[in-house]
$ cat target.txt   # compact mmCIF, C-alpha atoms
# COMPACT_ATOMS: atom_id res chain seq x y z
CA MET N 1 83.21 148.36 169.00
CA PHE N 2 82.07 151.57 167.28
CA ALA N 3 84.45 154.00 168.97
CA ASN N 4 85.06 157.13 166.87
CA LYS N 5 82.11 156.26 164.62
CA LYS N 6 79.45 158.91 164.07
CA VAL N 7 76.00 157.62 163.09
CA VAL N 8 73.10 159.79 161.98
CA LEU N 9 69.89 157.99 162.89
CA GLY N 10 66.86 159.29 160.99
CA ILE N 11 63.38 158.43 162.21
CA SER N 12 60.31 158.98 160.05
CA GLY N 13 56.65 158.75 160.98
CA GLY N 14 55.79 155.05 161.07
CA ILE N 15 54.43 152.83 163.83
CA ALA N 16 57.81 151.06 164.02
CA ALA N 17 59.52 154.30 165.10
CA TYR N 18 59.73 153.00 168.66
CA LYS N 19 62.31 150.42 167.52
CA ALA N 20 64.69 153.26 166.71
CA ALA N 21 65.18 153.62 170.46
CA ASP N 22 66.62 150.10 170.64
CA ILE N 23 69.01 150.87 167.79
CA ALA N 24 70.06 154.19 169.33
CA SER N 25 70.69 152.50 172.67
CA TRP N 26 72.68 149.65 171.12
CA LEU N 27 74.83 151.98 169.05
CA THR N 28 75.55 154.26 172.00
CA LYS N 29 76.41 151.37 174.32
CA ASN N 30 78.87 150.15 171.70
CA GLY N 31 80.68 153.47 171.57
CA ALA N 32 79.07 155.24 168.60
CA ASP N 33 78.32 158.96 168.59
CA VAL N 34 74.63 158.91 167.63
CA ARG N 35 72.82 161.97 166.30
CA CYS N 36 69.07 161.54 165.87
CA VAL N 37 67.01 163.47 163.33
CA MET N 38 63.23 163.12 163.44
CA THR N 39 60.45 164.13 161.10
CA LYS N 40 57.48 165.95 162.59
CA HIS N 41 55.28 162.87 162.27
CA ALA N 42 57.89 160.66 163.90
CA THR N 43 57.47 162.64 167.13
CA GLU N 44 53.86 161.44 167.22
CA PHE N 45 55.10 157.87 167.71
CA ILE N 46 58.12 158.32 170.00
CA SER N 47 59.21 161.22 172.16
CA PRO N 48 62.46 162.98 171.27
CA VAL N 49 63.18 163.01 175.01
CA VAL N 50 63.65 159.22 174.91
CA LEU N 51 66.23 159.42 172.13
CA GLN N 52 68.01 162.34 173.75
CA ALA N 53 68.30 160.37 177.01
CA LEU N 54 69.69 157.34 175.16
CA THR N 55 72.24 159.20 173.03
CA GLY N 56 73.19 162.17 175.19
CA HIS N 57 72.52 164.59 172.32
CA ALA N 58 69.64 166.92 171.54
CA VAL N 59 67.39 165.49 168.85
CA VAL N 60 67.17 167.50 165.64
CA GLN N 61 63.56 168.22 164.70
CA GLU N 62 63.77 171.55 162.89
CA GLU N 63 66.11 172.92 160.27
CA PHE N 64 66.49 176.24 162.02
CA VAL N 65 68.00 175.92 165.49
CA THR N 66 69.90 178.66 167.21
CA GLY N 67 72.13 178.58 170.25
CA PRO N 68 75.61 177.59 171.33
CA GLY N 69 77.15 174.82 169.27
CA TRP N 70 74.82 175.14 166.28
CA GLY N 71 75.73 176.47 162.89
CA ILE N 72 73.73 175.19 159.94
CA VAL N 73 71.85 172.28 161.45
CA HIS N 74 71.66 169.81 158.58
CA ILE N 75 75.25 170.50 157.52
CA ASP N 76 76.60 170.11 161.03
CA THR N 77 74.60 166.92 161.59
CA ALA N 78 75.81 165.25 158.39
CA ALA N 79 79.42 166.42 158.72
CA ASP N 80 81.96 163.63 159.29
CA ALA N 81 79.25 160.98 159.66
CA ASP N 82 80.35 157.39 159.07
CA LEU N 83 76.81 156.16 158.39
CA LEU N 84 73.31 157.55 157.94
CA VAL N 85 70.40 155.18 158.55
CA ILE N 86 66.66 155.83 158.46
CA ILE N 87 64.65 153.53 160.72
CA PRO N 88 61.83 153.21 159.91
CA ALA N 89 61.68 154.63 156.40
CA THR N 90 58.12 155.39 155.30
CA ALA N 91 56.97 155.46 151.70
CA ASN N 92 56.83 159.24 151.97
CA ILE N 93 60.40 159.75 153.15
CA ILE N 94 61.68 157.27 150.55
CA ALA N 95 59.85 159.20 147.81
CA LYS N 96 61.27 162.52 149.01
CA ILE N 97 64.83 161.24 149.10
CA ALA N 98 64.56 159.58 145.69
CA ASN N 99 63.38 162.87 144.20
CA GLY N 100 65.91 165.09 145.97
CA ILE N 101 63.35 166.94 148.08
CA ALA N 102 64.75 168.73 151.12
CA ASP N 103 61.83 170.26 152.98
CA ASP N 104 62.64 169.29 156.57
CA ALA N 105 65.60 168.57 158.81
CA LEU N 106 65.88 164.90 157.87
CA THR N 107 65.69 165.26 154.09
CA SER N 108 68.08 168.22 154.17
CA THR N 109 70.53 166.18 156.24
CA VAL N 110 70.30 163.35 153.70
CA LEU N 111 71.26 165.70 150.86
CA ALA N 112 74.22 166.96 152.88
CA ALA N 113 75.48 163.48 153.76
CA THR N 114 78.52 162.03 151.97
CA CYS N 115 78.73 158.81 153.99
CA PRO N 116 77.18 155.39 153.28
CA CYS N 117 73.39 155.53 153.68
CA MET N 118 70.76 152.90 154.48
CA VAL N 119 66.99 152.80 154.66
CA ALA N 120 64.86 150.22 156.44
CA PRO N 121 61.44 150.47 154.75
CA ALA N 122 58.41 149.77 156.92
CA MET N 123 54.83 150.28 155.74
CA ASN N 124 51.60 148.63 154.63
CA THR N 125 52.11 145.77 152.16
CA ASN N 126 50.25 147.49 149.33
CA MET N 127 52.21 150.69 149.87
CA TYR N 128 55.48 148.76 149.79
CA ARG N 129 54.55 146.87 146.63
CA ASN N 130 53.22 149.96 144.89
CA ALA N 131 55.12 150.62 141.67
CA ALA N 132 56.05 154.12 142.81
CA THR N 133 57.65 152.86 146.03
CA GLN N 134 59.50 150.08 144.22
CA HIS N 135 60.74 152.58 141.65
CA ASN N 136 61.93 154.94 144.37
CA LEU N 137 63.78 152.15 146.16
CA GLN N 138 65.41 151.15 142.88
CA VAL N 139 66.52 154.75 142.37
CA LEU N 140 68.13 154.76 145.82
CA ALA N 141 69.80 151.40 145.19
CA GLU N 142 71.26 152.69 141.93
CA ARG N 143 72.67 155.67 143.81
CA GLY N 144 74.45 153.35 146.22
CA TRP N 145 71.98 153.28 149.10
CA HIS N 146 71.76 150.11 151.13
CA ILE N 147 68.16 148.86 151.20
CA LEU N 148 67.21 146.58 154.08
CA LYS N 149 64.41 144.37 152.79
CA PRO N 150 61.35 144.44 155.08
CA ALA N 151 60.17 141.28 156.78
CA CYS N 152 56.86 139.51 156.25
CA GLY N 153 54.37 139.23 159.08
CA HIS N 154 51.43 140.81 160.86
CA LEU N 155 51.39 144.56 160.31
CA ALA N 156 49.93 147.25 162.53
CA CYS N 157 47.16 147.88 159.99
CA GLY N 158 45.90 144.33 160.52
CA THR N 159 47.10 142.81 157.26
CA VAL N 160 49.73 140.13 156.79
CA GLY N 161 52.51 140.50 154.25
CA GLU N 162 55.68 142.36 153.34
CA GLY N 163 56.37 145.68 154.98
CA LYS N 164 57.26 144.84 158.56
CA LEU N 165 60.44 146.37 159.97
CA PRO N 166 62.97 143.54 160.39
CA ALA N 167 63.93 142.40 163.86
CA VAL N 168 66.30 144.67 165.73
CA GLU N 169 68.98 141.97 165.57
CA VAL N 170 68.80 141.93 161.77
CA ILE N 171 69.13 145.72 161.62
CA GLU N 172 72.10 145.57 163.99
CA GLU N 173 73.83 143.00 161.77
CA GLU N 174 73.41 145.26 158.74
CA ILE N 175 74.68 148.33 160.56
CA THR N 176 77.69 146.43 161.91
CA GLY N 177 78.60 145.32 158.41
CA LEU N 178 78.43 148.90 157.14
CA LEU N 179 80.39 150.44 160.02
CA LEU N 180 82.99 147.68 160.31
CA PRO N 181 83.38 146.19 156.84
CA ARG N 182 85.53 143.08 156.58
CA ARG N 183 87.83 142.90 153.56
CA ASP N 184 89.16 139.38 154.02
CA PHE N 185 88.09 138.35 150.49
CA ALA N 186 89.89 141.21 148.77
CA GLY N 187 91.66 139.92 145.65
CA GLN N 188 89.47 136.79 145.51
CA LYS N 189 87.03 135.99 142.69
CA VAL N 190 83.91 134.31 144.04
CA LEU N 191 81.24 132.74 141.86
CA VAL N 192 77.82 132.18 143.42
CA THR N 193 74.86 130.40 141.87
CA ALA N 194 71.37 131.17 143.11
CA GLY N 195 67.70 130.60 142.51
CA PRO N 196 65.92 127.84 140.60
CA THR N 197 66.47 126.61 137.09
CA SER N 198 63.52 126.51 134.66
CA GLU N 199 63.19 123.58 132.27
CA PRO N 200 60.82 124.31 129.36
CA ILE N 201 57.87 122.09 128.51
CA ASP N 202 56.70 124.33 125.68
CA PRO N 203 57.04 128.07 124.96
CA VAL N 204 54.71 128.99 127.87
CA ARG N 205 55.27 126.29 130.52
CA TYR N 206 58.26 125.01 132.43
CA ILE N 207 59.33 122.76 135.31
CA SER N 208 60.96 124.51 138.25
CA ASN N 209 61.12 124.45 142.05
CA ARG N 210 60.38 126.63 145.07
CA SER N 211 63.79 128.22 145.50
CA SER N 212 63.54 131.99 146.04
CA GLY N 213 67.26 132.65 145.57
CA LYS N 214 67.46 134.50 148.91
CA MET N 215 70.33 132.42 150.31
CA GLY N 216 72.47 132.71 147.19
CA TYR N 217 71.84 136.45 146.88
CA ALA N 218 72.73 136.89 150.57
CA ILE N 219 76.02 135.07 149.99
CA ALA N 220 76.80 137.25 146.98
CA GLU N 221 76.02 140.39 148.99
CA ALA N 222 78.20 139.26 151.89
CA ALA N 223 81.10 138.35 149.61
CA VAL N 224 81.01 141.78 147.93
CA ALA N 225 80.90 143.45 151.33
CA ARG N 226 84.01 141.48 152.32
CA GLY N 227 85.97 142.65 149.30
CA ALA N 228 85.48 139.87 146.74
CA GLU N 229 84.94 140.20 143.03
CA VAL N 230 81.60 138.41 142.72
CA VAL N 231 79.88 136.81 139.75
CA LEU N 232 76.27 135.83 140.49
CA VAL N 233 74.78 133.23 138.12
CA SER N 234 71.07 133.33 138.84
CA GLY N 235 67.90 131.63 137.80
CA ARG N 236 64.59 133.47 137.79
CA THR N 237 63.92 135.34 141.06
CA ASN N 238 62.08 138.43 142.28
CA LEU N 239 65.24 139.78 143.95
CA GLN N 240 67.35 142.81 143.12
CA PRO N 241 70.99 141.80 142.60
CA PRO N 242 73.29 143.10 145.34
CA LYS N 243 75.22 146.24 144.46
CA GLY N 244 78.67 145.45 143.12
CA VAL N 245 78.05 141.94 141.74
CA ARG N 246 78.20 140.96 138.08
CA LEU N 247 74.89 139.27 137.35
CA VAL N 248 74.53 136.50 134.76
CA ASN N 249 70.90 135.53 134.18
CA ILE N 250 70.14 131.96 133.10
CA GLY N 251 67.07 129.80 132.60
CA SER N 252 67.86 126.11 132.33
CA ALA N 253 70.38 123.86 134.05
CA GLN N 254 72.31 123.58 130.78
CA GLN N 255 72.55 127.36 130.58
CA MET N 256 73.74 127.50 134.19
CA LEU N 257 76.41 124.89 133.47
CA GLU N 258 77.69 126.85 130.49
CA ALA N 259 77.72 130.14 132.44
CA VAL N 260 79.57 128.58 135.37
CA LEU N 261 82.17 126.82 133.22
CA ALA N 262 82.85 130.08 131.38
CA GLU N 263 84.00 131.61 134.71
CA TYR N 264 85.34 128.57 136.54
CA GLU N 265 88.97 128.64 135.49
CA THR N 266 89.52 132.16 136.89
CA CYS N 267 87.57 131.65 140.13
CA ASP N 268 89.07 131.20 143.57
CA VAL N 269 85.83 130.16 145.29
CA VAL N 270 82.62 128.69 143.84
CA ILE N 271 79.51 128.48 146.02
CA LYS N 272 76.71 126.47 144.40
CA ALA N 273 73.62 127.67 146.26
CA ALA N 274 71.24 127.31 143.29
CA ALA N 275 68.46 124.73 143.25
CA VAL N 276 69.15 122.99 139.94
CA ALA N 277 66.41 120.82 138.44
CA ASP N 278 67.50 117.17 138.35
CA TYR N 279 65.46 116.46 135.21
CA ARG N 280 64.34 118.25 132.07
CA VAL N 281 61.84 117.52 129.34
CA ALA N 282 63.61 115.47 126.66
CA THR N 283 62.04 117.34 123.75
CA PRO N 284 60.22 120.57 124.60
CA ALA N 285 57.35 121.36 122.25
CA ASP N 286 57.90 124.11 119.69
CA HIS N 287 54.34 125.36 120.18
CA LYS N 288 52.01 125.56 123.17
CA ILE N 289 50.62 122.13 124.00
CA LYS N 290 46.85 122.29 123.66
CA LYS N 291 44.44 120.55 125.98
CA THR N 292 42.43 117.93 124.13
CA ASP N 293 39.07 116.28 124.83
CA ASP N 294 40.22 112.74 124.10
CA THR N 295 42.68 112.36 126.99
CA ASP N 296 42.92 113.31 130.66
CA GLU N 297 46.68 112.92 130.82
CA LEU N 298 49.79 114.70 129.61
CA VAL N 299 52.85 112.47 129.69
CA LEU N 300 56.26 114.12 129.76
CA HIS N 301 59.43 112.22 128.98
CA LEU N 302 62.10 113.48 131.40
CA VAL N 303 65.83 112.97 131.16
CA LYS N 304 68.60 113.79 133.62
CA ASN N 305 70.11 117.24 133.63
CA PRO N 306 73.89 117.67 133.80
CA ASP N 307 75.17 117.48 137.37
CA ILE N 308 76.86 120.88 137.64
CA LEU N 309 78.35 120.38 141.08
CA ALA N 310 79.80 116.98 140.16
CA GLU N 311 81.28 118.42 136.97
CA LEU N 312 82.93 121.23 138.94
CA GLY N 313 84.26 118.66 141.40
CA ARG N 314 85.83 116.69 138.55
CA ARG N 315 87.44 119.80 137.05
CA LYS N 316 88.56 121.31 140.34
CA GLN N 317 92.17 122.45 140.51
CA HIS N 318 92.92 125.51 142.66
CA GLN N 319 89.25 126.38 143.29
CA LEU N 320 87.59 125.96 146.66
CA LEU N 321 84.21 124.36 145.94
CA VAL N 322 81.16 124.70 148.19
CA GLY N 323 78.01 122.70 147.56
CA PHE N 324 74.52 122.87 149.04
CA ALA N 325 72.14 120.11 150.06
CA ALA N 326 68.51 121.05 150.59
CA GLU N 327 66.98 118.03 152.31
CA THR N 328 63.71 117.10 154.01
CA ASN N 329 64.96 114.05 155.94
CA ASN N 330 68.23 112.32 156.90
CA VAL N 331 69.94 115.67 156.41
CA GLU N 332 73.37 114.81 157.79
CA GLU N 333 73.54 111.39 156.14
CA TYR N 334 72.67 112.70 152.68
CA ALA N 335 74.91 115.75 153.04
CA LYS N 336 77.99 113.71 153.95
CA LYS N 337 77.43 111.40 150.99
CA LYS N 338 77.04 114.34 148.63
CA LEU N 339 80.21 115.97 150.00
CA VAL N 340 82.26 112.91 149.01
CA LYS N 341 80.44 112.07 145.78
CA LYS N 342 80.67 115.60 144.36
CA ASN N 343 84.26 116.20 145.56
CA THR N 344 83.44 119.46 147.34
CA ASP N 345 85.56 121.13 149.99
CA LEU N 346 82.53 122.22 152.01
CA LEU N 347 78.92 121.10 151.93
CA VAL N 348 76.18 123.32 153.38
CA ALA N 349 73.08 121.38 154.38
CA ASN N 350 69.71 122.50 155.64
CA ASP N 351 66.30 121.02 156.31
CA VAL N 352 63.98 122.83 153.92
CA SER N 353 60.91 121.25 155.54
CA ARG N 354 61.40 123.59 158.51
CA PRO N 355 59.19 126.69 158.39
CA ASP N 356 62.07 128.89 159.62
CA ALA N 357 64.78 127.49 157.36
CA GLY N 358 63.14 126.45 154.12
CA PHE N 359 62.35 128.17 150.87
CA ASP N 360 61.28 131.80 150.62
CA VAL N 361 61.85 132.73 154.28
CA ASP N 362 64.36 135.26 155.60
CA THR N 363 66.06 132.98 158.15
CA ASN N 364 68.09 129.81 157.84
CA GLN N 365 69.90 127.26 159.95
CA VAL N 366 72.56 125.24 158.22
CA ILE N 367 75.15 122.61 158.99
CA ILE N 368 78.52 123.09 157.28
CA PHE N 369 80.42 119.87 156.62
CA SER N 370 84.07 119.82 155.61
CA ALA N 371 85.97 117.30 153.50
CA ASP N 372 88.38 116.80 156.40
CA GLY N 373 85.56 115.66 158.67
CA GLY N 374 84.79 118.99 160.29
CA LYS N 375 81.28 120.08 161.17
CA ILE N 376 80.04 123.57 162.02
CA THR N 377 76.49 124.22 163.25
CA PRO N 378 75.71 127.95 163.27
CA PRO N 379 72.56 129.10 165.09
CA LEU N 380 69.31 130.04 163.38
CA ALA N 381 69.94 133.48 161.88
CA SER N 382 69.00 135.76 159.04
CA LYS N 383 70.15 134.52 155.65
CA ARG N 384 72.53 137.47 155.48
CA LYS N 385 74.12 136.43 158.77
CA THR N 386 74.15 132.80 157.67
CA ALA N 387 76.00 133.92 154.55
CA ASP N 388 78.78 135.29 156.75
CA TYR N 389 78.94 132.01 158.70
CA ILE N 390 79.45 130.19 155.39
CA LEU N 391 82.08 132.68 154.22
CA ASP N 392 83.86 132.37 157.56
CA ALA N 393 84.15 128.62 156.95
CA VAL N 394 85.44 129.31 153.41
CA GLN N 395 87.99 131.77 154.75
CA ASP N 396 89.25 129.23 157.29
CA LYS N 397 89.81 126.76 154.43
CA LEU N 398 91.64 129.34 152.33
CA ALA N 399 93.83 130.31 155.27
CA ALA N 400 94.69 126.65 155.95
CA ARG N 401 95.73 126.20 152.30
CA SER N 402 98.11 129.14 152.46
CA LYS N 403 100.05 127.79 155.43

$ encode --input "target.txt" --output "structure tokens"
Amino acid sequence: MFANKKVVLGISGGIAAYKAADIASWLTKNGADVRCVMTKHATEFISPVVLQALTGHAVVQEEFVTGPGWGIVHIDTAADADLLVIIPATANIIAKIANGIADDALTSTVLAATCPCMVAPAMNTNMYRNAATQHNLQVLAERGWHILKPACGHLACGTVGEGKLPAVEVIEEEITGLLLPRRDFAGQKVLVTAGPTSEPIDPVRYISNRSSGKMGYAIAEAAVARGAEVVLVSGRTNLQPPKGVRLVNIGSAQQMLEAVLAEYETCDVVIKAAAVADYRVATPADHKIKKTDDTDELVLHLVKNPDILAELGRRKQHQLLVGFAAETNNVEEYAKKKLVKKNTDLLVANDVSRPDAGFDVDTNQVIIFSADGGKITPPLASKRKTADYILDAVQDKLAARSK
């Protein structure tokens, strides 16, 4: 699969360094030429002998190595590489790279690399959330680095939260996408909606929902990776927009409708992954509503929001329209009804009551229904992988239209 691909695998000094052995083994078994570069502290967690045995190459630990076959170590290591990945990437190595420091073999190799680069951060939750670390990751993202978001879970330090190295399978998916990019959406304009809408009650309060935007952002990222021109219309999230998308920020459902309609005529594919509020406050207050002593209730008069998906279905001409149905019961029944009622070409349904496929988690399992009666049931996977399953279904529809 990766024949003639050279991968530089950097390992820095975190407890998750042992997982680099799995990645090195997988890459090598699939034909890649893997060159490992370790920091001094990384060798405290995993022996270079292990990585050498798995890859068939001596592991670079020092900048100054002499002997047959070696010139300038960091230059030779980076030369002709197809991908450089750092697994795990500690806060320290991320800070060094962001600031252009080259004081060891790994950081010098990074500066010499001209290939696509990726970091997989792994560290204590507070260290990951620290403003300095977030700033450094943003700097790398702006320079074109691929940032693999860490998972949430139990960490080696005993805490629970963000900072865990993602599962090996997730890392493998990301690497595969970088080494073997698919360009089957080249020339296509794809519009993706993501996140929740926010319906104001007064200047400081609003009605919203639990959508994190992760699924929509994953779809936008996958579509860019596969060559599409992507417009991402997003409600409020804590996510960084994928590199290469054009982001349109919105608040309310009405604002989302206006943003989508402004792009709709020139779109080839529209994927409505946003969680749009069904109702809004009829007349939001101009000033903050004050709590009073003479009543224990606040009554809000709600009215229906515009149905964006239905409106797109009515206006549909050449566009391929994909809707989403986030359900908690009778998933297939409700999804099939929505598919017909909203005049979509595909309808992606999932059970958001599941702990592994609901809001604000990194995995999803969907059912993809087609207007022609088809049904696809991909396995539980990362949202990024699920995004590719959805785009595969879209591509099948586009190919069928062109016949």

$ atom_distance --input "target.txt" --atom1 "CA of Thr43 in chain N" --atom2 "CA of Ala3 in chain N"
28.4 Å

$ closest_atom_pairs --input "target.txt" --of "range 137-185 of chain N" --to "range 353-362 of chain N" --cutoff "12 Å" --atoms "all atoms listed in the file" --output "Markdown table"
| residue | atom | partner | partner_atom | distance |
| --- | --- | --- | --- | --- |
| N:Leu148 | CA | N:Asp362 | CA | 11.8 |
| N:Lys149 | CA | N:Asp362 | CA | 9.5 |
| N:Pro150 | CA | N:Asp362 | CA | 9.7 |
| N:Ala151 | CA | N:Asp362 | CA | 7.4 |
| N:Cys152 | CA | N:Asp362 | CA | 8.6 |
| N:Gly153 | CA | N:Val361 | CA | 11.0 |
| N:Glu162 | CA | N:Asp362 | CA | 11.4 |
| N:Pro166 | CA | N:Asp362 | CA | 9.7 |
| N:Ala167 | CA | N:Asp362 | CA | 10.9 |
| N:Val170 | CA | N:Asp362 | CA | 10.1 |

$ write_last_selection --input "target.txt" --atoms "C-alpha atoms" --output "short mmCIF file (atom, residue, chain, number, x, y, z; two decimals), in the coordinates of the input"
data_model
loop_
_atom_site.label_atom_id
_atom_site.label_comp_id
_atom_site.auth_asym_id
_atom_site.auth_seq_id
_atom_site.Cartn_x
_atom_site.Cartn_y
_atom_site.Cartn_z
CA LEU N 148 67.21 146.58 154.08
CA LYS N 149 64.41 144.37 152.79
CA PRO N 150 61.35 144.44 155.08
CA ALA N 151 60.17 141.28 156.78
CA CYS N 152 56.86 139.51 156.25
CA GLY N 153 54.37 139.23 159.08
CA GLU N 162 55.68 142.36 153.34
CA PRO N 166 62.97 143.54 160.39
CA ALA N 167 63.93 142.40 163.86
CA VAL N 170 68.80 141.93 161.77
#

$ closest_residue --input "target.txt" --among "N:Thr283, N:Ser382, N:Asn30, N:Gln255" --to "Pro203 in chain N" --atoms "all atoms listed in the file"
N:Thr283

$ residues_around --input "target.txt" --residues "Thr176 in chain N" --least-positions-apart "3" --cutoff "12 Å" --atoms "all atoms listed in the file" --output "list in words"
Met1, Phe2, Lys5, Val7, Ile23, Trp26, Leu27, Asn30, Ala32, Asp82, Leu83, Val85, Glu169, Val170, Ile171, Glu172, Glu173, Leu179, Leu180, Pro181, Arg182, Ala225 and Lys385 of chain N

$ residues_around --input "target.txt" --residues "Leu380 in chain N" --least-positions-apart "2" --cutoff "9 Å" --atoms "all atoms listed in the file" --output "count of residues only"
10

$ closest_residue --input "target.txt" --among "N:Ala371, N:Val348, N:Ala222, N:Val192" --to "Val248 in chain N" --atoms "only C-alpha atoms"
N:Val192

$ atom_distance --input "target.txt" --atom1 "CA of Asp351 in chain N" --atom2 "CA of Val269 in chain N"
24.2 Å

$ closest_residue --input "target.txt" --among "N:Val168, N:Cys36, N:Ala387, N:Met118" --to "Glu221 in chain N" --atoms "only C-alpha atoms"
N:Ala387

$ closest_residue --input "target.txt" --among "N:Arg210, N:Lys341, N:His146, N:Arg236" --to "Ile250 in chain N" --atoms "all atoms listed in the file"
N:Arg236

$ closest_residue --input "target.txt" --among "N:Leu140, N:Tyr206, N:Leu106, N:Ile376" --to "Lys40 in chain N" --atoms "all atoms listed in the file"
N:Leu106

$ residues_around --input "target.txt" --residues "Ala95 in chain N" --least-positions-apart "4" --cutoff "12 Å" --atoms "only C-alpha atoms" --output "list of chain:residue names"
N:Ala89, N:Thr90, N:Ala91, N:Asn99, N:Gly100, N:Ile101, N:Ala102, N:Thr107, N:Val119, N:Pro121, N:Met127, N:Tyr128, N:Asn130, N:Ala131, N:Ala132, N:Thr133, N:Gln134, N:His135, N:Asn136, N:Leu137, N:Gln138, N:Val139, N:Leu140

$ closest_residue --input "target.txt" --among "N:Ile94, N:Ile219, N:Leu347, N:Ala24" --to "Ala122 in chain N" --atoms "only C-alpha atoms"
N:Ile94

$ residues_around --input "target.txt" --residues "Thr266 in chain N" --least-positions-apart "4" --cutoff "12 Å" --atoms "all atoms listed in the file" --output "ChimeraX atom specification"
/N:187-191,229-231,260-262,270,316-320

$ atom_distance --input "target.txt" --atom1 "CA of Ala259 in chain N" --atom2 "CA of Ser198 in chain N"
14.8 Å

$ residues_around --input "target.txt" --residues "Gly251 in chain N" --least-positions-apart "6" --cutoff "9 Å" --atoms "all atoms listed in the file" --output "list in words"
Pro196, Thr197, Ser198, Glu199, Pro200, Ser234, Gly235 and Arg236 of chain N

$ residues_near_point --input "target.txt" --point "(71.3, 157.2, 174.6)" --cutoff "6 Å" --atoms "all atoms listed in the file" --output "ChimeraX atom specification"
/N:25,28,53-56
